[in-house]
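Engineer: Got a file for you: data20.cif, mmCIF, C-alpha atoms; chains and numbers go by the auth columns.
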```cif
data_my_file
loop_
_atom_site.group_PDB
_atom_site.id
_atom_site.type_symbol
_atom_site.label_atom_id
_atom_site.label_comp_id
_atom_site.label_asym_id
_atom_site.label_seq_id
_atom_site.Cartn_x
_atom_site.Cartn_y
_atom_site.Cartn_z
_atom_site.B_iso_or_equiv
_atom_site.auth_seq_id
_atom_site.auth_asym_id
ATOM 1 C CA ALA A 1 -62.325 106.683 215.423 0.00 3 A
ATOM 2 C CA GLY A 2 -64.095 107.819 212.283 0.00 4 A
ATOM 3 C CA ALA A 3 -67.755 107.377 211.488 0.00 5 A
ATOM 4 C CA LEU A 4 -68.841 104.208 209.714 0.00 6 A
ATOM 5 C CA SER A 5 -69.959 105.027 206.182 0.00 7 A
ATOM 6 C CA ILE A 6 -72.255 102.590 204.403 0.00 8 A
ATOM 7 C CA THR A 7 -72.956 103.355 200.767 0.00 9 A
ATOM 8 C CA SER A 8 -75.182 100.418 199.820 0.00 10 A
ATOM 9 C CA LEU A 9 -77.924 98.252 201.333 0.00 11 A
ATOM 10 C CA LEU A 10 -77.156 97.301 204.928 0.00 12 A
ATOM 11 C CA ASP A 11 -78.293 93.721 205.548 0.00 13 A
ATOM 12 C CA LEU A 12 -78.517 92.928 209.268 0.00 14 A
ATOM 13 C CA SER A 13 -80.081 89.487 208.795 0.00 15 A
ATOM 14 C CA GLY A 14 -76.729 87.830 209.461 0.00 16 A
ATOM 15 C CA ALA A 15 -76.210 89.599 212.807 0.00 17 A
ATOM 16 C CA SER A 16 -75.999 86.841 215.409 0.00 18 A
ATOM 17 C CA ALA A 17 -77.994 88.777 218.027 0.00 19 A
ATOM 18 C CA GLY A 18 -80.608 89.944 215.492 0.00 20 A
ATOM 19 C CA GLN A 19 -80.918 93.301 217.242 0.00 21 A
ATOM 20 C CA ILE A 20 -80.086 96.967 216.798 0.00 22 A
ATOM 21 C CA LYS A 21 -79.146 98.721 220.030 0.00 23 A
ATOM 22 C CA PHE A 22 -79.706 102.421 220.706 0.00 24 A
ATOM 23 C CA PRO A 23 -77.924 104.209 223.585 0.00 25 A
ATOM 24 C CA ALA A 24 -79.879 104.796 226.808 0.00 26 A
ATOM 25 C CA THR A 25 -79.583 108.543 226.265 0.00 27 A
ATOM 26 C CA GLN A 26 -80.687 109.743 222.843 0.00 28 A
ATOM 27 C CA ASN A 27 -77.937 110.948 220.513 0.00 29 A
ATOM 28 C CA ALA A 28 -80.162 113.497 218.773 0.00 30 A
ATOM 29 C CA SER A 29 -79.700 114.226 215.082 0.00 31 A
ATOM 30 C CA SER A 30 -80.922 117.294 213.206 0.00 32 A
ATOM 31 C CA ASN A 31 -81.216 115.206 210.027 0.00 33 A
ATOM 32 C CA ALA A 32 -84.893 114.443 209.389 0.00 34 A
ATOM 33 C CA ASN A 33 -83.959 111.094 207.797 0.00 35 A
ATOM 34 C CA THR A 34 -81.914 109.803 210.734 0.00 36 A
ATOM 35 C CA LEU A 35 -83.545 107.412 213.196 0.00 37 A
ATOM 36 C CA ASP A 36 -81.849 108.441 216.421 0.00 38 A
ATOM 37 C CA ASP A 37 -84.038 106.990 219.172 0.00 39 A
ATOM 38 C CA TYR A 38 -85.920 103.825 220.060 0.00 40 A
ATOM 39 C CA GLU A 39 -87.211 103.070 223.530 0.00 41 A
ATOM 40 C CA GLU A 40 -89.699 100.784 225.251 0.00 42 A
ATOM 41 C CA GLY A 41 -90.820 101.340 228.812 0.00 43 A
ATOM 42 C CA THR A 42 -93.520 101.597 231.430 0.00 44 A
ATOM 43 C CA PHE A 43 -95.082 104.507 233.268 0.00 45 A
ATOM 44 C CA THR A 44 -97.718 105.090 235.915 0.00 46 A
ATOM 45 C CA PRO A 45 -100.698 107.094 234.669 0.00 47 A
ATOM 46 C CA GLY A 46 -102.930 108.968 237.071 0.00 48 A
ATOM 47 C CA CYS A 47 -105.868 111.318 236.855 0.00 49 A
ATOM 48 C CA SER A 48 -106.802 114.714 238.149 0.00 50 A
ATOM 49 C CA PHE A 49 -109.977 116.751 238.386 0.00 51 A
ATOM 50 C CA GLY A 50 -109.520 120.492 237.974 0.00 52 A
ATOM 51 C CA GLY A 51 -105.795 119.892 238.526 0.00 53 A
ATOM 52 C CA GLY A 52 -106.398 118.328 241.964 0.00 54 A
ATOM 53 C CA THR A 53 -105.755 114.756 243.058 0.00 55 A
ATOM 54 C CA THR A 54 -107.048 114.824 246.649 0.00 56 A
ATOM 55 C CA GLY A 55 -108.111 111.356 247.804 0.00 57 A
ATOM 56 C CA ILE A 56 -107.765 109.595 244.424 0.00 58 A
ATOM 57 C CA THR A 57 -106.641 105.978 244.796 0.00 59 A
ATOM 58 C CA TYR A 58 -105.943 103.321 242.180 0.00 60 A
ATOM 59 C CA GLY A 59 -106.196 99.566 241.834 0.00 61 A
ATOM 60 C CA ALA A 60 -103.341 97.234 241.008 0.00 62 A
ATOM 61 C CA SER A 61 -104.191 97.158 237.276 0.00 63 A
ATOM 62 C CA THR A 62 -103.356 100.848 236.789 0.00 64 A
ATOM 63 C CA GLY A 63 -100.355 101.215 234.531 0.00 65 A
ATOM 64 C CA GLY A 64 -98.989 102.012 231.134 0.00 66 A
ATOM 65 C CA ASP A 65 -96.535 100.928 228.480 0.00 67 A
ATOM 66 C CA TYR A 66 -94.970 102.918 225.679 0.00 68 A
ATOM 67 C CA VAL A 67 -92.908 102.504 222.534 0.00 69 A
ATOM 68 C CA LYS A 68 -90.982 105.529 221.248 0.00 70 A
ATOM 69 C CA ILE A 69 -89.545 105.484 217.733 0.00 71 A
ATOM 70 C CA GLY A 70 -87.870 108.774 216.954 0.00 72 A
ATOM 71 C CA LYS A 71 -90.413 111.402 218.081 0.00 73 A
ATOM 72 C CA SER A 72 -93.428 109.120 217.595 0.00 74 A
ATOM 73 C CA VAL A 73 -94.760 107.682 220.871 0.00 75 A
ATOM 74 C CA THR A 74 -97.517 105.091 221.266 0.00 76 A
ATOM 75 C CA TYR A 75 -98.977 104.678 224.747 0.00 77 A
ATOM 76 C CA ALA A 76 -101.178 101.867 226.054 0.00 78 A
ATOM 77 C CA TRP A 77 -102.560 102.854 229.437 0.00 79 A
ATOM 78 C CA GLY A 78 -105.201 102.032 231.994 0.00 80 A
ATOM 79 C CA LEU A 79 -106.671 103.599 235.106 0.00 81 A
ATOM 80 C CA VAL A 80 -108.565 101.577 237.676 0.00 82 A
ATOM 81 C CA LEU A 81 -109.992 103.861 240.341 0.00 83 A
ATOM 82 C CA THR A 82 -110.766 102.566 243.791 0.00 84 A
ATOM 83 C CA ALA A 83 -111.738 106.082 244.985 0.00 85 A
ATOM 84 C CA LYS A 84 -112.260 109.185 242.851 0.00 86 A
ATOM 85 C CA GLY A 85 -111.455 111.516 245.741 0.00 87 A
ATOM 86 C CA SER A 86 -112.873 114.960 246.419 0.00 88 A
ATOM 87 C CA SER A 87 -111.240 117.134 243.739 0.00 89 A
ATOM 88 C CA THR A 88 -113.622 118.698 241.241 0.00 90 A
ATOM 89 C CA GLY A 89 -113.364 120.012 237.701 0.00 91 A
ATOM 90 C CA ASP A 90 -112.234 118.869 234.260 0.00 92 A
ATOM 91 C CA ALA A 91 -110.830 115.329 234.029 0.00 93 A
ATOM 92 C CA LYS A 92 -107.278 114.714 232.821 0.00 94 A
ATOM 93 C CA VAL A 93 -105.117 111.618 232.524 0.00 95 A
ATOM 94 C CA THR A 94 -101.651 112.495 233.841 0.00 96 A
ATOM 95 C CA GLY A 95 -98.189 110.983 234.123 0.00 97 A
ATOM 96 C CA PHE A 96 -97.233 110.454 230.476 0.00 98 A
ATOM 97 C CA PRO A 97 -93.419 110.358 230.269 0.00 99 A
ATOM 98 C CA PHE A 98 -92.921 112.434 227.094 0.00 100 A
ATOM 99 C CA THR A 99 -94.024 115.985 226.350 0.00 101 A
ATOM 100 C CA ASN A 100 -96.428 116.388 223.442 0.00 102 A
ATOM 101 C CA TYR A 101 -95.178 118.677 220.687 0.00 103 A
ATOM 102 C CA ASN A 102 -97.036 121.993 220.880 0.00 104 A
ATOM 103 C CA GLY A 103 -99.608 122.306 218.140 0.00 105 A
ATOM 104 C CA THR A 104 -100.126 118.594 217.439 0.00 106 A
ATOM 105 C CA ALA A 105 -103.043 118.016 219.791 0.00 107 A
ATOM 106 C CA SER A 106 -105.301 115.546 217.990 0.00 108 A
ATOM 107 C CA ARG A 107 -108.301 113.572 219.144 0.00 109 A
ATOM 108 C CA TYR A 108 -107.771 109.985 220.194 0.00 110 A
ATOM 109 C CA ALA A 109 -110.682 107.667 220.753 0.00 111 A
ATOM 110 C CA VAL A 110 -111.136 106.132 224.167 0.00 112 A
ATOM 111 C CA GLY A 111 -113.900 103.582 224.479 0.00 113 A
ATOM 112 C CA THR A 112 -113.471 102.206 220.970 0.00 114 A
ATOM 113 C CA ALA A 113 -112.918 98.573 220.054 0.00 115 A
ATOM 114 C CA THR A 114 -109.351 98.858 221.343 0.00 116 A
ATOM 115 C CA SER A 115 -110.276 100.570 224.586 0.00 117 A
ATOM 116 C CA TYR A 116 -112.633 100.159 227.524 0.00 118 A
ATOM 117 C CA VAL A 117 -114.541 102.538 229.743 0.00 119 A
ATOM 118 C CA GLY A 118 -116.478 101.195 232.698 0.00 120 A
ATOM 119 C CA SER A 119 -118.538 102.699 235.526 0.00 121 A
ATOM 120 C CA MET A 120 -118.910 106.185 234.075 0.00 122 A
ATOM 121 C CA THR A 121 -121.925 108.449 233.582 0.00 123 A
ATOM 122 C CA LEU A 122 -121.968 108.869 229.804 0.00 124 A
ATOM 123 C CA THR A 123 -125.588 109.090 228.621 0.00 125 A
ATOM 124 C CA GLY A 124 -124.978 108.193 224.987 0.00 126 A
ATOM 125 C CA ARG A 125 -121.725 110.097 224.613 0.00 127 A
ATOM 126 C CA LEU A 126 -118.628 108.754 222.906 0.00 128 A
ATOM 127 C CA ILE A 127 -115.638 109.326 225.158 0.00 129 A
ATOM 128 C CA VAL A 128 -112.681 110.911 223.409 0.00 130 A
ATOM 129 C CA ALA A 129 -109.402 112.306 224.613 0.00 131 A
ATOM 130 C CA SER A 130 -106.834 114.707 223.256 0.00 132 A
ATOM 131 C CA PHE A 131 -103.530 115.927 224.548 0.00 133 A
ATOM 132 C CA SER A 132 -103.917 119.262 226.259 0.00 134 A
ATOM 133 C CA THR A 133 -102.907 122.236 224.147 0.00 135 A
ATOM 134 C CA GLY A 134 -99.350 123.440 224.476 0.00 136 A
ATOM 135 C CA SER A 135 -96.368 121.305 225.350 0.00 137 A
ATOM 136 C CA THR A 136 -97.821 118.993 227.985 0.00 138 A
ATOM 137 C CA THR A 137 -97.876 115.471 229.409 0.00 139 A
ATOM 138 C CA THR A 138 -101.608 115.393 230.185 0.00 140 A
ATOM 139 C CA LEU A 139 -104.590 114.062 228.282 0.00 141 A
ATOM 140 C CA ASP A 140 -107.953 115.862 228.386 0.00 142 A
ATOM 141 C CA VAL A 141 -110.882 113.453 228.738 0.00 143 A
ATOM 142 C CA GLY A 142 -113.864 114.681 226.781 0.00 144 A
ATOM 143 C CA TYR A 143 -116.893 113.543 224.858 0.00 145 A
ATOM 144 C CA GLU A 144 -118.581 113.862 221.512 0.00 146 A
ATOM 145 C CA ASN A 145 -122.338 113.560 221.068 0.00 147 A
ATOM 146 C CA ASN A 146 -124.057 114.414 217.773 0.00 148 A
ATOM 147 C CA GLY A 147 -121.442 117.021 216.868 0.00 149 A
ATOM 148 C CA SER A 148 -121.312 118.539 220.335 0.00 150 A
ATOM 149 C CA THR A 149 -118.053 118.229 222.298 0.00 151 A
ATOM 150 C CA GLY A 150 -116.939 119.029 225.816 0.00 152 A
ATOM 151 C CA LEU A 151 -114.721 117.951 228.663 0.00 153 A
ATOM 152 C CA LEU A 152 -115.842 115.392 231.209 0.00 154 A
ATOM 153 C CA THR A 153 -115.655 116.402 234.849 0.00 155 A
ATOM 154 C CA ASP A 154 -115.435 114.532 238.127 0.00 156 A
ATOM 155 C CA THR A 155 -119.221 113.995 238.052 0.00 157 A
ATOM 156 C CA ALA A 156 -118.848 111.487 235.182 0.00 158 A
ATOM 157 C CA PHE A 157 -116.501 109.320 237.276 0.00 159 A
ATOM 158 C CA ALA A 158 -117.314 106.865 240.050 0.00 160 A
ATOM 159 C CA ASN A 159 -115.186 105.291 242.772 0.00 161 A
ATOM 160 C CA ASN A 160 -114.831 102.179 240.594 0.00 162 A
ATOM 161 C CA THR A 161 -114.320 103.759 237.144 0.00 163 A
ATOM 162 C CA ASN A 162 -112.010 101.900 234.768 0.00 164 A
ATOM 163 C CA ILE A 163 -110.673 103.641 231.679 0.00 165 A
ATOM 164 C CA TYR A 164 -108.181 102.164 229.244 0.00 166 A
ATOM 165 C CA GLY A 165 -106.842 103.596 226.027 0.00 167 A
ATOM 166 C CA THR A 166 -104.176 103.814 223.407 0.00 168 A
ATOM 167 C CA THR A 167 -102.757 107.198 222.493 0.00 169 A
ATOM 168 C CA ASN A 168 -100.238 108.362 219.894 0.00 170 A
ATOM 169 C CA ILE A 169 -98.316 111.620 220.066 0.00 171 A
ATOM 170 C CA ILE A 170 -95.418 113.397 218.450 0.00 172 A
ATOM 171 C CA ALA A 171 -92.993 114.163 221.280 0.00 173 A
ATOM 172 C CA THR A 172 -90.839 117.271 221.606 0.00 174 A
ATOM 173 C CA ALA A 173 -87.673 115.128 221.585 0.00 175 A
#
```
Represent the structure of the file as structure tokens.
Structural biologist:
Amino acid sequence: AGALSITSLLDLSGASAGQIKFPATQNASSNANTLDDYEEGTFTPGCSFGGGTTGITYGASTGGDYVKIGKSVTYAWGLVLTAKGSSTGDAKVTGFPFTNYNGTASRYAVGTATSYVGSMTLTGRLIVASFSTGSTTTLDVGYENNGSTGLLTDTAFANNTNIYGTTNIIATA
């Protein structure tokens, strides 16, 4: 069968189901003006300290949702720790289902009006996060304070830390 060619406005308002369905597996297009993917789903975020996860446990409210439109992905996620474990080092949020496009690491606010951070040692710092450099599925958890920035470590977290956020990325596919 040949491809459907539409040369004028496509009005879907009369479609009885009122929906556009994309295949479960993306049919990728090299055309920059072709919307070739839409997906909604859930994922299970986690955290690590210095790359380790020894003894970290989570509460029932830990979880995440995402919407992917083309390569643009919006995540809503939350971590509820019940034990921070014994690993040490820089804090990362892990488990995001799509790989961030290398070179698009941007800062995303965590602890803003749309997010919540509880039971952390912050001392006047604004918590921020950015996707780790390179093609990755992890989020660095850092801070900004009067122009100074850095990564938070395990010492900023407690056994009952809650951290929620929204994050946008450009995915590799």
Engineer: What does the structure give for the distance between CA of Ala85 in chain A and CA of Gly66 in chain A, in Å to one decimal?
Structural biologist: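 Going from CA of Ala85 in chain A over to CA of Gly66 in chain A, I get 19.3 Å.
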Engineer: One decimal, Å: what's the distance from CA of Ala158 in chain A over to CA of Ser137 in chain A, could you say?
Structural biologist: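 CA of Ser137 in chain A lies 26.4 Å from CA of Ala158 in chain A.
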Engineer: Under the rule that only C-alpha atoms are counted, which of A:Ile22, A:Ser10, A:Ile71, A:Ala78 is the nearest residue to Thr36 in chain A?
Structural biologist: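 So, comparing all the options, the nearest one is A:Ile71.
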Engineer: I'd like the interatomic distance between CA of Leu154 in chain A and CA of Gly91 in chain A, to a tenth of an Å.
Structural biologist: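 Those two atoms sit 8.3 Å apart.
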Engineer: May I ask which of the residues A:Asn148, A:Thr46, A:Thr56, A:Ser31 is the closest one to Tyr68 in chain A, counting only C-alpha atoms?
Structural biologist: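 Closest residue, counting only C-alpha atoms: A:Thr46.
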